[in-house]
>>> print(open('data32.txt').read())   # compact mmCIF, C-alpha atoms
# COMPACT_ATOMS: atom_id res chain seq x y z
CA MET O 1112 0.00 0.00 0.00
CA ASN O 1113 1.41 3.35 -0.87
CA CYS O 1114 1.30 6.57 1.12
CA GLU O 1115 -1.57 7.97 -0.93
CA THR O 1116 -3.84 5.06 -0.02
CA ILE O 1117 -2.89 5.22 3.63
CA GLN O 1118 -3.48 8.97 3.83
CA ASN O 1119 -6.88 8.51 2.21
CA ARG O 1120 -7.71 5.92 4.88
CA ILE O 1121 -6.53 8.26 7.67
CA ILE O 1122 -8.84 10.98 6.34
CA ALA O 1123 -11.66 8.43 6.14
CA LEU O 1124 -11.24 7.33 9.78
CA ALA O 1125 -14.11 8.34 12.01
CA VAL O 1126 -11.65 8.73 14.86
CA ALA O 1127 -8.01 9.33 14.00
CA THR O 1128 -6.79 7.27 16.92
CA GLU O 1129 -8.55 4.11 15.76
CA GLN O 1130 -6.39 3.09 12.83
CA THR O 1131 -6.56 -0.30 11.25
CA ALA O 1132 -3.58 -2.64 11.56
CA ASP O 1133 -2.23 -2.09 8.06
CA VAL O 1134 -2.43 1.70 8.50
CA ARG O 1135 -0.72 1.52 11.85
CA GLU O 1136 2.03 -0.70 10.37
CA HIS O 1137 2.69 1.70 7.45
CA VAL O 1138 2.60 4.84 9.60
CA ALA O 1139 5.21 3.39 11.91
CA ASP O 1140 7.79 3.39 9.11
CA CYS O 1141 6.60 6.47 7.13
CA THR O 1142 7.32 10.01 8.26
CA ALA O 1143 4.93 11.65 5.77
CA CYS O 1144 2.03 9.50 6.89
CA GLN O 1145 2.91 10.09 10.53
CA ILE O 1146 2.59 13.84 9.88
CA MET O 1147 -0.76 13.21 8.17
CA LEU O 1148 -1.96 11.12 11.15
CA THR O 1149 -0.83 13.82 13.58
CA LYS O 1150 -2.82 16.37 11.59
CA ALA O 1151 -5.86 14.09 11.61
CA LYS O 1152 -5.63 13.68 15.37
CA ARG O 1153 -5.30 17.45 15.80
CA LEU O 1154 -8.36 17.90 13.55
CA ASP O 1155 -10.26 15.51 15.79
CA ARG O 1156 -9.35 17.58 18.81
CA VAL O 1157 -10.30 20.86 17.17
CA LEU O 1158 -13.60 19.45 16.01
CA THR O 1159 -14.49 18.37 19.53
CA GLN O 1160 -13.90 21.93 20.71
CA LEU O 1161 -16.32 23.43 18.19
CA PRO O 1162 -19.68 24.49 19.65
CA VAL O 1163 -21.55 21.88 17.72
CA PRO O 1164 -22.84 18.50 18.76
CA SER O 1165 -19.88 16.24 18.83
CA SER O 1166 -21.77 13.11 18.01
CA GLN O 1167 -20.03 10.51 15.96
CA LEU O 1168 -22.85 10.53 13.43
CA ALA O 1169 -22.50 14.26 12.83
CA LYS O 1170 -18.79 13.87 12.25
CA GLU O 1171 -19.30 10.99 9.88
CA THR O 1172 -21.89 12.98 7.91
CA PHE O 1173 -19.55 15.97 7.76
CA MET O 1174 -16.69 13.84 6.49
CA GLU O 1175 -18.91 12.17 3.91
CA GLN O 1176 -19.81 15.61 2.55
CA ILE O 1177 -16.16 16.61 2.31
CA LEU O 1178 -15.22 13.39 0.60
CA ALA O 1179 -18.21 13.17 -1.67
CA GLU O 1180 -16.18 14.05 -4.78
CA GLY O 1181 -13.76 11.18 -4.15
CA PRO O 1182 -10.85 10.53 -1.88
CA VAL O 1183 -8.25 12.72 -3.63
CA ILE O 1184 -8.74 15.22 -6.44
CA ARG O 1185 -6.14 14.49 -9.12
CA THR O 1186 -7.52 15.99 -12.32
CA LYS O 1187 -9.18 19.31 -13.21
CA PRO O 1188 -12.93 18.99 -13.50
CA ILE O 1189 -14.25 19.22 -17.08
CA ALA O 1190 -17.37 21.30 -17.70
CA PRO O 1191 -20.19 19.34 -19.27
CA SER O 1192 -20.66 19.93 -23.02
CA ALA O 1193 -23.47 22.25 -24.11
CA MET O 1194 -24.68 19.53 -26.44
CA GLY O 1195 -24.31 16.81 -23.83
CA SER O 1196 -26.99 15.17 -21.84
CA GLY O 1197 -29.64 17.06 -19.83
CA THR O 1198 -32.75 19.11 -20.57
CA PHE O 1199 -31.12 22.22 -22.03
CA PRO O 1200 -28.76 20.37 -24.34
CA SER O 1201 -31.68 18.32 -25.64
CA VAL O 1202 -33.65 21.45 -26.52
CA ALA O 1203 -30.56 23.01 -28.06
CA LYS O 1204 -30.06 19.90 -30.17
CA MET O 1205 -33.66 20.06 -31.34
CA LEU O 1206 -33.48 23.78 -32.19
CA GLY O 1207 -30.25 23.18 -34.07
CA LEU O 1208 -32.17 21.01 -36.47
CA VAL O 1209 -34.78 23.71 -37.20
CA SER O 1210 -34.38 26.49 -39.78
CA PRO O 1211 -33.67 29.96 -38.35
CA LYS O 1212 -36.38 31.37 -40.66
CA LEU O 1213 -38.94 29.04 -39.19
CA LEU O 1214 -37.83 29.97 -35.69
CA ALA O 1215 -38.19 33.67 -36.57
CA GLY O 1216 -41.63 33.01 -38.04
CA LEU O 1217 -42.72 31.13 -34.94
CA ALA O 1218 -41.42 33.91 -32.70
CA ALA O 1219 -43.21 36.54 -34.79
CA GLY O 1220 -46.37 34.46 -34.71
CA VAL O 1221 -46.25 34.24 -30.93
CA MET O 1222 -45.64 37.99 -30.68
CA VAL O 1223 -48.49 38.81 -33.06
CA THR O 1224 -50.85 36.43 -31.24
CA VAL O 1225 -49.97 37.93 -27.87
CA GLY O 1226 -50.28 41.46 -29.35
CA GLY O 1227 -53.62 40.57 -30.92
CA ALA O 1228 -54.89 39.15 -27.64
CA TRP O 1229 -53.81 42.34 -25.88
CA PHE O 1230 -55.43 44.47 -28.57
CA MET O 1231 -58.75 42.63 -28.26
CA THR O 1232 -58.77 42.72 -24.48
CA ARG O 1233 -57.07 46.06 -23.84
CA PRO O 1234 -58.91 48.54 -21.65
CA LYS O 1235 -61.15 50.74 -23.74
CA PRO O 1236 -60.77 54.55 -23.53
CA PRO O 1237 -63.40 56.18 -21.41
CA VAL O 1238 -66.60 56.86 -23.32
CA VAL O 1239 -67.24 60.57 -23.58
CA GLU O 1240 -70.70 61.57 -22.55
CA PRO O 1241 -72.79 62.62 -25.58
CA GLU O 1242 -73.45 65.98 -23.94
CA LEU O 1243 -69.70 66.72 -23.79
CA ALA O 1244 -68.60 65.07 -27.04
CA GLU O 1245 -67.63 67.49 -29.78
CA LYS O 1246 -69.48 67.00 -33.04
CA PRO O 1247 -67.40 66.50 -36.20
CA LYS O 1248 -66.57 69.71 -38.03
CA HIS O 1249 -67.06 70.07 -41.74
CA GLU O 1250 -63.59 70.10 -43.20
CA PHE O 1251 -64.81 71.24 -46.62
CA LEU O 1252 -66.52 74.28 -45.10
CA ALA O 1253 -63.40 75.22 -43.14
CA ARG O 1254 -61.25 74.88 -46.24
CA SER O 1255 -63.70 76.91 -48.31
CA VAL O 1256 -63.53 79.77 -45.79
CA LYS O 1257 -59.75 79.48 -45.82
CA HIS O 1258 -59.73 79.79 -49.63
CA HIS O 1259 -62.05 82.81 -49.45
CA VAL O 1260 -59.70 84.53 -46.99
CA ALA O 1261 -56.66 83.58 -49.10
CA LEU O 1262 -58.29 85.13 -52.17
CA SER O 1263 -58.81 88.35 -50.24
CA GLN O 1264 -55.11 88.43 -49.39
CA SER O 1265 -53.92 87.46 -52.86
CA ARG O 1266 -52.54 90.15 -55.11
CA THR O 1267 -51.79 88.39 -58.39
CA ALA O 1268 -53.43 86.09 -60.91
CA PRO O 1269 -50.96 83.22 -60.29
CA GLU O 1270 -51.85 83.27 -56.58
CA ARG O 1271 -55.55 83.19 -57.37
CA LEU O 1272 -55.02 80.44 -59.95
CA SER O 1273 -53.34 78.34 -57.28
CA ILE O 1274 -56.17 78.98 -54.79
CA PHE O 1275 -58.90 78.01 -57.24
CA SER O 1276 -56.92 74.90 -58.23
CA LYS O 1277 -56.83 73.80 -54.59
CA TRP O 1278 -60.49 74.66 -54.14
CA SER O 1279 -61.51 72.57 -57.17
CA THR O 1280 -59.55 69.65 -55.73
CA ASP O 1281 -61.44 70.07 -52.46
CA VAL O 1282 -64.74 69.97 -54.35
CA THR O 1283 -63.81 66.67 -56.03
CA THR O 1284 -62.73 65.26 -52.67
CA GLU O 1285 -66.09 66.22 -51.20
CA ALA O 1286 -67.84 64.54 -54.14
CA LYS O 1287 -65.86 61.35 -53.51
CA ASP O 1288 -66.70 61.48 -49.80
CA VAL O 1289 -70.47 61.73 -50.25
CA TYR O 1290 -71.44 60.18 -53.58
CA LYS O 1291 -72.32 56.79 -52.11
CA ALA O 1292 -74.96 58.36 -49.89
CA ALA O 1293 -75.99 61.47 -51.81
CA SER O 1294 -79.15 61.92 -53.84
CA ARG O 1295 -79.06 62.86 -57.51
CA ASP O 1296 -79.70 66.54 -56.69
CA GLU O 1297 -77.08 66.67 -53.97
CA ILE O 1298 -74.28 65.22 -56.07
CA SER O 1299 -75.46 67.33 -59.01
CA ASN O 1300 -75.07 70.47 -56.86
CA ILE O 1301 -71.47 69.49 -56.13
CA ALA O 1302 -70.83 69.04 -59.84
CA ALA O 1303 -72.19 72.56 -60.39
CA LEU O 1304 -69.78 73.91 -57.77
CA TYR O 1305 -66.92 72.17 -59.54
CA GLU O 1306 -67.94 73.60 -62.91
CA LYS O 1307 -68.01 77.12 -61.47
CA THR O 1308 -64.68 76.76 -59.67
CA VAL O 1309 -62.99 75.45 -62.78
CA ALA O 1310 -64.58 77.60 -65.50
CA GLN O 1311 -64.87 80.91 -63.62
CA GLY O 1312 -61.96 80.39 -61.27
CA ILE O 1313 -59.12 78.45 -62.88
CA VAL O 1314 -59.74 79.40 -66.51
CA GLU O 1315 -60.42 83.07 -65.79
CA GLN O 1316 -57.28 83.43 -63.70
CA ALA O 1317 -55.26 81.55 -66.32
CA LYS O 1318 -56.38 84.12 -68.89
CA GLN O 1319 -55.04 86.88 -66.67
CA LEU O 1320 -51.52 85.49 -66.51
CA ASP O 1321 -49.57 87.99 -68.54
CA ASP O 1322 -46.07 88.78 -69.62
CA HIS O 1323 -45.95 91.95 -67.52
CA THR O 1324 -45.99 90.24 -64.17
CA MET O 1325 -44.17 87.00 -64.91
CA THR O 1326 -41.73 85.48 -67.35
CA ARG O 1327 -42.87 83.18 -70.11
CA PRO O 1328 -41.40 80.00 -68.51
CA GLU O 1329 -43.06 80.92 -65.20
CA ARG O 1330 -46.39 81.32 -66.93
CA LEU O 1331 -45.93 78.03 -68.78
CA ASN O 1332 -45.14 76.28 -65.49
CA ARG O 1333 -48.29 77.64 -63.86
CA LEU O 1334 -50.45 76.64 -66.78
CA GLN O 1335 -48.94 73.17 -66.98
CA ALA O 1336 -49.46 72.63 -63.25
CA ALA O 1337 -53.13 73.56 -63.62
CA MET O 1338 -53.45 71.30 -66.67
CA THR O 1339 -51.93 68.37 -64.82
CA LEU O 1340 -54.42 68.86 -62.00
CA LEU O 1341 -57.31 69.03 -64.46
CA ASN O 1342 -56.06 65.90 -66.25
CA SER O 1343 -56.04 63.86 -63.08
CA ALA O 1344 -59.43 65.26 -62.03
CA ALA O 1345 -60.90 64.29 -65.41
CA ALA O 1346 -59.44 60.80 -65.22
CA GLU O 1347 -60.64 60.27 -61.68
CA SER O 1348 -64.13 61.57 -62.40
CA THR O 1349 -64.41 59.31 -65.45
CA SER O 1350 -63.31 56.36 -63.38
CA LEU O 1351 -65.78 57.18 -60.60
CA ALA O 1352 -68.59 57.64 -63.12
CA ALA O 1353 -68.05 54.04 -64.21
CA GLU O 1354 -68.44 52.60 -60.74
CA ALA O 1355 -70.74 55.12 -59.01
CA PRO O 1356 -74.44 54.54 -58.38
CA PRO O 1357 -76.65 55.76 -61.25
CA ALA O 1358 -77.59 58.90 -59.30
CA ALA O 1359 -73.96 60.02 -59.24
CA GLN O 1360 -72.80 58.90 -62.68
CA ALA O 1361 -74.11 61.95 -64.53
CA ALA O 1362 -72.53 64.28 -61.97
CA PHE O 1363 -69.09 62.69 -62.32
CA ASN O 1364 -69.41 62.80 -66.10
CA ARG O 1365 -70.17 66.53 -65.84
CA MET O 1366 -67.12 67.03 -63.69
CA ALA O 1367 -64.95 65.12 -66.14
CA THR O 1368 -66.31 67.24 -69.00
CA ALA O 1369 -65.69 70.46 -67.07
CA ALA O 1370 -62.11 69.43 -66.37
CA ASN O 1371 -61.51 68.47 -70.02
CA ASN O 1372 -63.03 71.71 -71.31
CA ALA O 1373 -60.88 73.76 -68.94
CA ARG O 1374 -57.79 71.85 -69.99
CA THR O 1375 -58.57 72.59 -73.64
CA GLU O 1376 -58.93 76.29 -72.83
CA LEU O 1377 -55.59 76.36 -71.03
CA LEU O 1378 -54.02 74.62 -74.01
CA THR O 1379 -55.46 77.31 -76.27
CA ILE O 1380 -53.97 80.01 -74.02
CA ILE O 1381 -50.57 78.36 -74.28
CA GLU O 1382 -50.80 78.06 -78.07
CA LYS O 1383 -52.06 81.60 -78.58
CA ARG O 1384 -49.44 83.23 -76.46
CA GLY O 1385 -46.68 80.83 -77.39
CA ALA O 1386 -45.99 80.27 -73.71
CA MET K 1311 -44.93 24.03 -43.48
CA LYS K 1312 -42.46 26.83 -42.94
CA ARG K 1313 -43.97 28.87 -45.75
CA THR K 1314 -47.46 28.27 -44.40
CA LEU K 1315 -46.45 29.47 -40.96
CA LEU K 1316 -44.70 32.54 -42.31
CA GLY K 1317 -47.65 33.32 -44.57
CA LEU K 1318 -50.13 33.00 -41.73
CA THR K 1319 -47.97 35.24 -39.57
CA ALA K 1320 -47.85 37.91 -42.28
CA ILE K 1321 -51.61 37.77 -42.86
CA LEU K 1322 -52.30 38.01 -39.14
CA THR K 1323 -50.00 41.00 -38.85
CA VAL K 1324 -51.68 42.81 -41.75
CA CYS K 1325 -55.16 42.10 -40.34
CA LEU K 1326 -54.23 43.41 -36.91
CA THR K 1327 -52.61 46.52 -38.39
CA LEU K 1328 -55.67 47.30 -40.51
CA SER K 1329 -57.95 46.67 -37.58
CA ALA K 1330 -55.94 49.02 -35.39
CA GLN K 1331 -55.95 51.71 -38.05
CA GLY K 1332 -59.67 51.40 -38.58
CA SER K 1333 -60.40 51.77 -34.93
CA SER K 1334 -58.17 54.78 -34.38
CA SER K 1335 -59.14 56.71 -37.50
CA ALA K 1336 -61.79 59.35 -37.13
CA LYS K 1337 -62.81 59.09 -40.80
CA LEU K 1338 -66.47 59.80 -41.36
CA THR K 1339 -68.81 57.58 -43.34
CA ALA K 1340 -70.43 58.81 -46.55
CA ALA K 1341 -73.69 59.33 -44.68
CA GLU K 1342 -71.99 61.39 -41.97
CA HIS K 1343 -70.20 63.45 -44.62
CA LEU K 1344 -73.46 64.00 -46.42
CA LYS K 1345 -75.13 65.22 -43.23
CA LEU K 1346 -72.45 67.90 -42.88
CA LEU K 1347 -72.75 68.83 -46.53
CA GLN K 1348 -76.52 69.15 -46.27
CA LEU K 1349 -76.03 71.52 -43.35
CA ASN K 1350 -73.52 73.67 -45.23
CA GLN K 1351 -74.27 73.31 -48.91
CA ASP K 1352 -75.97 76.71 -49.32
CA LEU K 1353 -73.28 78.40 -47.28
CA ILE K 1354 -70.50 76.86 -49.39
CA GLN K 1355 -72.28 77.75 -52.59
CA GLU K 1356 -72.52 81.39 -51.49
CA LEU K 1357 -68.88 81.30 -50.42
CA ILE K 1358 -67.79 80.14 -53.87
CA GLU K 1359 -69.97 82.67 -55.69
CA SER K 1360 -68.78 85.47 -53.45
CA SER K 1361 -65.17 84.37 -53.93
CA LEU K 1362 -65.55 84.38 -57.71
CA LYS K 1363 -66.77 87.99 -57.49
CA LEU K 1364 -63.98 88.76 -55.06
CA SER K 1365 -61.40 87.47 -57.54
CA LYS K 1366 -62.69 89.99 -60.07
CA SER K 1367 -62.92 92.91 -57.67
CA SER K 1368 -60.58 95.77 -58.43
CA ASN K 1369 -60.75 97.80 -55.21
CA PRO K 1370 -60.86 97.24 -51.44
CA LEU K 1371 -64.46 98.38 -51.09
CA ASP K 1372 -65.70 95.81 -53.61
CA ALA K 1373 -63.72 93.17 -51.77
CA ALA K 1374 -65.01 94.36 -48.36
CA GLU K 1375 -68.60 94.13 -49.62
CA GLN K 1376 -68.03 90.49 -50.58
CA HIS K 1377 -66.65 89.81 -47.11
CA VAL K 1378 -69.65 91.49 -45.53
CA THR K 1379 -71.91 89.25 -47.62
CA VAL K 1380 -70.00 86.18 -46.42
CA SER K 1381 -69.97 87.45 -42.82
CA ILE K 1382 -73.71 88.01 -42.87
CA ARG K 1383 -74.22 84.51 -44.28
CA LEU K 1384 -71.99 83.01 -41.60
CA GLY K 1385 -73.85 85.08 -39.02
CA ARG K 1386 -77.11 83.53 -40.16
CA SER K 1387 -75.67 80.04 -39.68
CA LEU K 1388 -74.43 81.06 -36.25
CA ASP K 1389 -77.84 82.45 -35.36
CA GLU K 1390 -79.46 79.18 -36.44
CA ALA K 1391 -77.02 77.24 -34.28
CA ILE K 1392 -77.86 79.44 -31.29
CA GLN K 1393 -81.59 78.97 -31.90
CA ARG K 1394 -81.09 75.21 -32.19
CA ASN K 1395 -79.12 75.25 -28.96
CA ASP K 1396 -76.15 73.68 -30.76
CA PRO K 1397 -73.01 75.02 -29.06
CA ASP K 1398 -70.56 72.91 -31.09
CA ARG K 1399 -71.91 74.23 -34.35
CA ALA K 1400 -72.03 77.78 -32.94
CA ALA K 1401 -68.39 77.57 -31.85
CA GLU K 1402 -67.37 76.18 -35.26
CA VAL K 1403 -69.15 78.94 -37.19
CA ALA K 1404 -68.04 81.69 -34.79
CA ALA K 1405 -64.40 80.67 -35.37
CA LEU K 1406 -64.94 80.85 -39.15
CA LEU K 1407 -66.64 84.24 -38.82
CA ASP K 1408 -63.76 85.51 -36.71
CA ASN K 1409 -61.36 84.33 -39.39
CA VAL K 1410 -63.22 86.13 -42.18
CA VAL K 1411 -63.61 89.31 -40.16
CA GLY K 1412 -60.05 89.45 -38.85
CA GLU K 1413 -58.13 88.24 -41.89
CA ALA K 1414 -60.27 89.48 -44.78
CA LEU K 1415 -62.98 92.02 -43.95
CA LEU K 1416 -61.01 94.23 -41.59
CA PRO K 1417 -57.94 94.70 -43.82
CA GLN K 1418 -60.17 95.54 -46.81
CA LEU K 1419 -62.33 97.91 -44.74
CA LYS K 1420 -59.21 99.71 -43.50
CA ALA K 1421 -57.81 99.95 -46.99
CA ALA K 1422 -61.13 101.27 -48.29
CA GLY K 1423 -61.46 103.76 -45.42
CA SER K 1424 -58.02 105.18 -46.01
CA SER K 1425 -58.32 105.41 -49.80
CA ILE K 1426 -61.85 106.76 -50.33
CA PRO K 1427 -62.31 110.53 -50.02
CA THR K 1428 -64.74 111.73 -47.36
CA GLY K 1429 -68.10 112.86 -48.69
CA SER K 1430 -67.77 110.98 -51.95
CA PRO K 1431 -70.51 108.56 -53.05
CA GLU K 1432 -68.00 105.80 -52.54
CA TYR K 1433 -67.49 106.94 -48.96
CA VAL K 1434 -71.21 106.58 -48.22
CA ARG K 1435 -71.00 103.06 -49.65
CA TYR K 1436 -68.03 102.38 -47.43
CA ILE K 1437 -69.89 103.58 -44.28
CA GLU K 1438 -72.86 101.43 -45.20
CA CYS K 1439 -70.62 98.40 -45.67
CA HIS K 1440 -68.92 99.02 -42.32
CA ARG K 1441 -72.23 99.54 -40.50
CA LYS K 1442 -73.72 96.32 -41.91
CA ALA K 1443 -70.78 94.28 -40.68
CA TYR K 1444 -70.76 95.89 -37.25
CA ASP K 1445 -74.51 95.66 -36.69
CA ARG K 1446 -74.64 92.05 -37.73
CA VAL K 1447 -71.91 90.90 -35.36
CA ALA K 1448 -73.29 93.09 -32.52
CA LYS K 1449 -76.69 91.50 -32.98
CA LEU K 1450 -75.17 88.04 -32.85
CA ALA K 1451 -73.29 88.91 -29.67
CA ASP K 1452 -76.58 90.05 -28.14
CA THR K 1453 -78.27 86.83 -29.20
CA MET K 1454 -75.74 84.74 -27.34
CA PRO K 1455 -77.12 83.25 -24.14
CA ALA K 1456 -75.93 85.15 -21.08
CA ASP K 1457 -74.84 81.98 -19.31
CA GLY K 1458 -74.12 78.36 -20.02
CA THR K 1459 -77.58 77.06 -19.22
CA GLY K 1460 -78.34 74.28 -21.65
CA TRP K 1461 -75.03 74.90 -23.35
CA LYS K 1462 -71.64 73.47 -22.79
CA ALA K 1463 -69.98 76.23 -20.84
CA GLU K 1464 -66.69 75.95 -22.70
CA ARG K 1465 -68.35 76.40 -26.10
CA VAL K 1466 -70.41 79.33 -24.84
CA THR K 1467 -67.29 81.09 -23.63
CA MET K 1468 -65.46 80.32 -26.84
CA THR K 1469 -68.27 81.63 -29.05
CA ARG K 1470 -68.78 84.77 -27.01
CA THR K 1471 -65.04 85.45 -27.05
CA GLN K 1472 -64.94 85.03 -30.83
CA LEU K 1473 -67.87 87.40 -31.34
CA THR K 1474 -66.53 90.03 -28.95
CA LYS K 1475 -63.17 89.87 -30.68
CA SER K 1476 -64.80 90.21 -34.11
CA LEU K 1477 -66.88 93.17 -32.93
CA GLU K 1478 -63.82 94.91 -31.50
CA LEU K 1479 -61.92 94.34 -34.71
CA ILE K 1480 -64.64 95.92 -36.83
CA GLY K 1481 -65.30 98.79 -34.45
CA PRO K 1482 -68.26 101.17 -34.76
CA PRO K 1483 -68.61 102.76 -38.21
CA PRO K 1484 -67.40 106.36 -38.60
CA SER K 1485 -69.90 109.12 -39.23
CA VAL K 1486 -70.72 109.98 -42.82
CA THR K 1487 -69.11 113.42 -42.45
CA LYS K 1488 -66.00 111.97 -40.69
>>> encode(input="data32.txt", output="structure tokens")
Amino acid sequence: MNCETIQNRIIALAVATEQTADVREHVADCTACQIMLTKAKRLDRVLTQLPVPSSQLAKETFMEQILAEGPVIRTKPIAPSAMGSGTFPSVAKMLGLVSPKLLAGLAAGVMVTVGGAWFMTRPKPPVVEPELAEKPKHEFLARSVKHHVALSQSRTAPERLSIFSKWSTDVTTEAKDVYKAASRDEISNIAALYEKTVAQGIVEQAKQLDDHTMTRPERLNRLQAAMTLLNSAAAESTSLAAEAPPAAQAAFNRMATAANNARTELLTIIEKRGA
Amino acid sequence: MKRTLLGLTAILTVCLTLSAQGSSSAKLTAAEHLKLLQLNQDLIQELIESSLKLSKSSNPLDAAEQHVTVSIRLGRSLDEAIQRNDPDRAAEVAALLDNVVGEALLPQLKAAGSSIPTGSPEYVRYIECHRKAYDRVAKLADTMPADGTGWKAERVTMTRTQLTKSLELIGPPPSVTK
């Protein structure tokens, strides 16, 4: 038996003074093991002086805990592999087999589902009492007043041309907003407003663009901008006429005609003046 | 399988986004839009006709007269709102009236007053235009309920403030002889 084995046995002794025969025989001839035995005996003495129960069972339990990893540690412990056995490695192995795109899709799906559940069950904003709720304002009316004020402040034909162009666009927007619910007369009245805005507003102001207040390229730019607007209004009105209820079809056709006529007049102005 | 999952995820996302947008948007239906148009159609028509005349006007008095016409028309809508006990509508129209008076009528009236010679026929026209505007707004201010009974107090205050401001901006008309 070598010293290592003997010293392990000394450590394992419940009481250092009660060695077995083979240990006693080896220790008698071995200085190193004698030192180890002396230390073990001293440990026994120190342990008995600790303020803990000095029962033999407690000591044995304590020693078992100390020696649980083995009698003598000879090699460095190796950390278990991430892909080794156990719950986490098993999951990791499984995920490793799945496409990252699928994982991202699943994650997004979970997020969307949770978000959707939150959206459906989120606390609703407090309901405003009808008495205190503000009624919707008429955007078209507000914009019409704004255009009226802008016309008052305008000084030149190009400014007025721009204002009437915007106003005509607002009229077509209003027509689009109401045509599904409007009667024939109501949508027809809007068409009449569009005709007036275009013929007496856009065309008249276009006629007043002159060489004294602006250069020829500037005038051409203004006229082309108005023509582009009229083109798109004509196309949109024609398209709406095709899909609108019968009551609104004639009104959209009138608007398309008004836009086309105005465009022709602007073209004539350009040709006449060589803009 | 993967494609199916990804496709479903995308569809779900789009549906939820559209649903959220629909719920947060304050867009009116065609019927609601039409209701507003029915309420304002005559007013808008007069606004457009007056604006077409305004665009052809060559002097401040002509322009001021168009603004008086529009102000009187807005005043009528405001009066109707007061009679209907509709404070939201009254506040909306009062704000528009204040805008026309402050930004359009007043500058044109001032320009007309400073450019027209006293005693001229044009000056009498100018005084008449000024008086019409002032009387109309003063009458509206008188029509306003004295307190918030039956009205939302905030709207009452807002409307009265707008009218008082408009009246102060116009000011009493000068005498014919100046």
>>> closest_atom_pairs(input="data32.txt", of="chain O", to="chain K", cutoff="8 Å", atoms="all atoms listed in the file", output="Markdown table")
| residue | atom | partner | partner_atom | distance |
| --- | --- | --- | --- | --- |
| O:Lys1212 | CA | K:Lys1312 | CA | 7.9 |
| O:Leu1213 | CA | K:Lys1312 | CA | 5.6 |
| O:Gly1216 | CA | K:Leu1316 | CA | 5.3 |
| O:Leu1217 | CA | K:Leu1315 | CA | 7.3 |
| O:Ala1219 | CA | K:Thr1319 | CA | 6.9 |
| O:Gly1220 | CA | K:Thr1319 | CA | 5.2 |
| O:Val1223 | CA | K:Thr1323 | CA | 6.4 |
| O:Gly1227 | CA | K:Leu1326 | CA | 6.7 |
| O:Glu1242 | CA | K:Lys1462 | CA | 7.8 |
| O:Leu1243 | CA | K:Lys1462 | CA | 7.1 |
| O:Glu1245 | CA | K:Asp1398 | CA | 6.3 |
| O:Lys1246 | CA | K:Asp1398 | CA | 6.3 |
| O:Lys1248 | CA | K:Glu1402 | CA | 7.1 |
| O:His1249 | CA | K:Leu1346 | CA | 5.9 |
| O:Leu1252 | CA | K:Ile1354 | CA | 6.4 |
| O:Ala1253 | CA | K:Leu1406 | CA | 7.1 |
| O:Ser1255 | CA | K:Ile1354 | CA | 6.9 |
| O:Val1256 | CA | K:Leu1406 | CA | 6.9 |
| O:His1259 | CA | K:Ser1361 | CA | 5.7 |
| O:Val1260 | CA | K:Ala1414 | CA | 5.5 |
| O:Leu1262 | CA | K:Ser1365 | CA | 6.6 |
| O:Ser1263 | CA | K:Ala1414 | CA | 5.8 |
| O:Gln1264 | CA | K:Ala1414 | CA | 7.0 |
| O:Arg1271 | CA | K:Ser1365 | CA | 7.3 |
| O:Asp1288 | CA | K:Ala1340 | CA | 5.6 |
| O:Val1289 | CA | K:Ala1340 | CA | 4.7 |
| O:Tyr1290 | CA | K:Ala1340 | CA | 7.2 |
| O:Lys1291 | CA | K:Ala1340 | CA | 6.2 |
| O:Ala1292 | CA | K:Ala1341 | CA | 5.4 |
| O:Ala1293 | CA | K:Leu1344 | CA | 6.5 |
| O:Leu1304 | CA | K:Gln1355 | CA | 6.9 |
| O:Thr1308 | CA | K:Ile1358 | CA | 7.4 |
| O:Gln1311 | CA | K:Leu1362 | CA | 6.9 |
| O:Gly1312 | CA | K:Leu1362 | CA | 6.4 |
>>> axis_aligned_box(input="data32.txt", around="segment 1443-1448 of chain K", padding_each_side="6 Å", output="JSON")
{"center_x": -72.7, "center_y": 93.4, "center_z": -36.6, "size_x": 15.9, "size_y": 17.0, "size_z": 20.2}
>>> closest_residue(input="data32.txt", among="O:Leu1158, O:Cys1144, O:Ala1369, O:Ala1139", to="Thr1116 of chain O", atoms="all atoms listed in the file")
O:Cys1144
>>> residues_around(input="data32.txt", residues="Ile1480 of chain K", least_positions_apart="5", cutoff="9 Å", atoms="only C-alpha atoms", output="VMD selection string")
chain K and resid 1411 to 1412 1415 to 1416 1419 1440 1443 to 1444 1447 1475
>>> atom_distance(input="data32.txt", atom1="atom CA of Asn1364 of chain O", atom2="atom CA of Ala1310 of chain O")
15.6 Å
>>> atom_distance(input="data32.txt", atom1="atom CA of Gln1176 of chain O", atom2="atom CA of Cys1141 of chain O")
28.3 Å
>>> atom_distance(input="data32.txt", atom1="atom CA of Thr1349 of chain O", atom2="atom CA of Thr1379 of chain O")
22.8 Å
>>> residues_around(input="data32.txt", residues="Gln1335 of chain O", least_positions_apart="5", cutoff="10 Å", atoms="only C-alpha atoms", output="NGL selection string")
:O and (1329-1330 or 1340-1341 or 1374 or 1377-1378 or 1381)
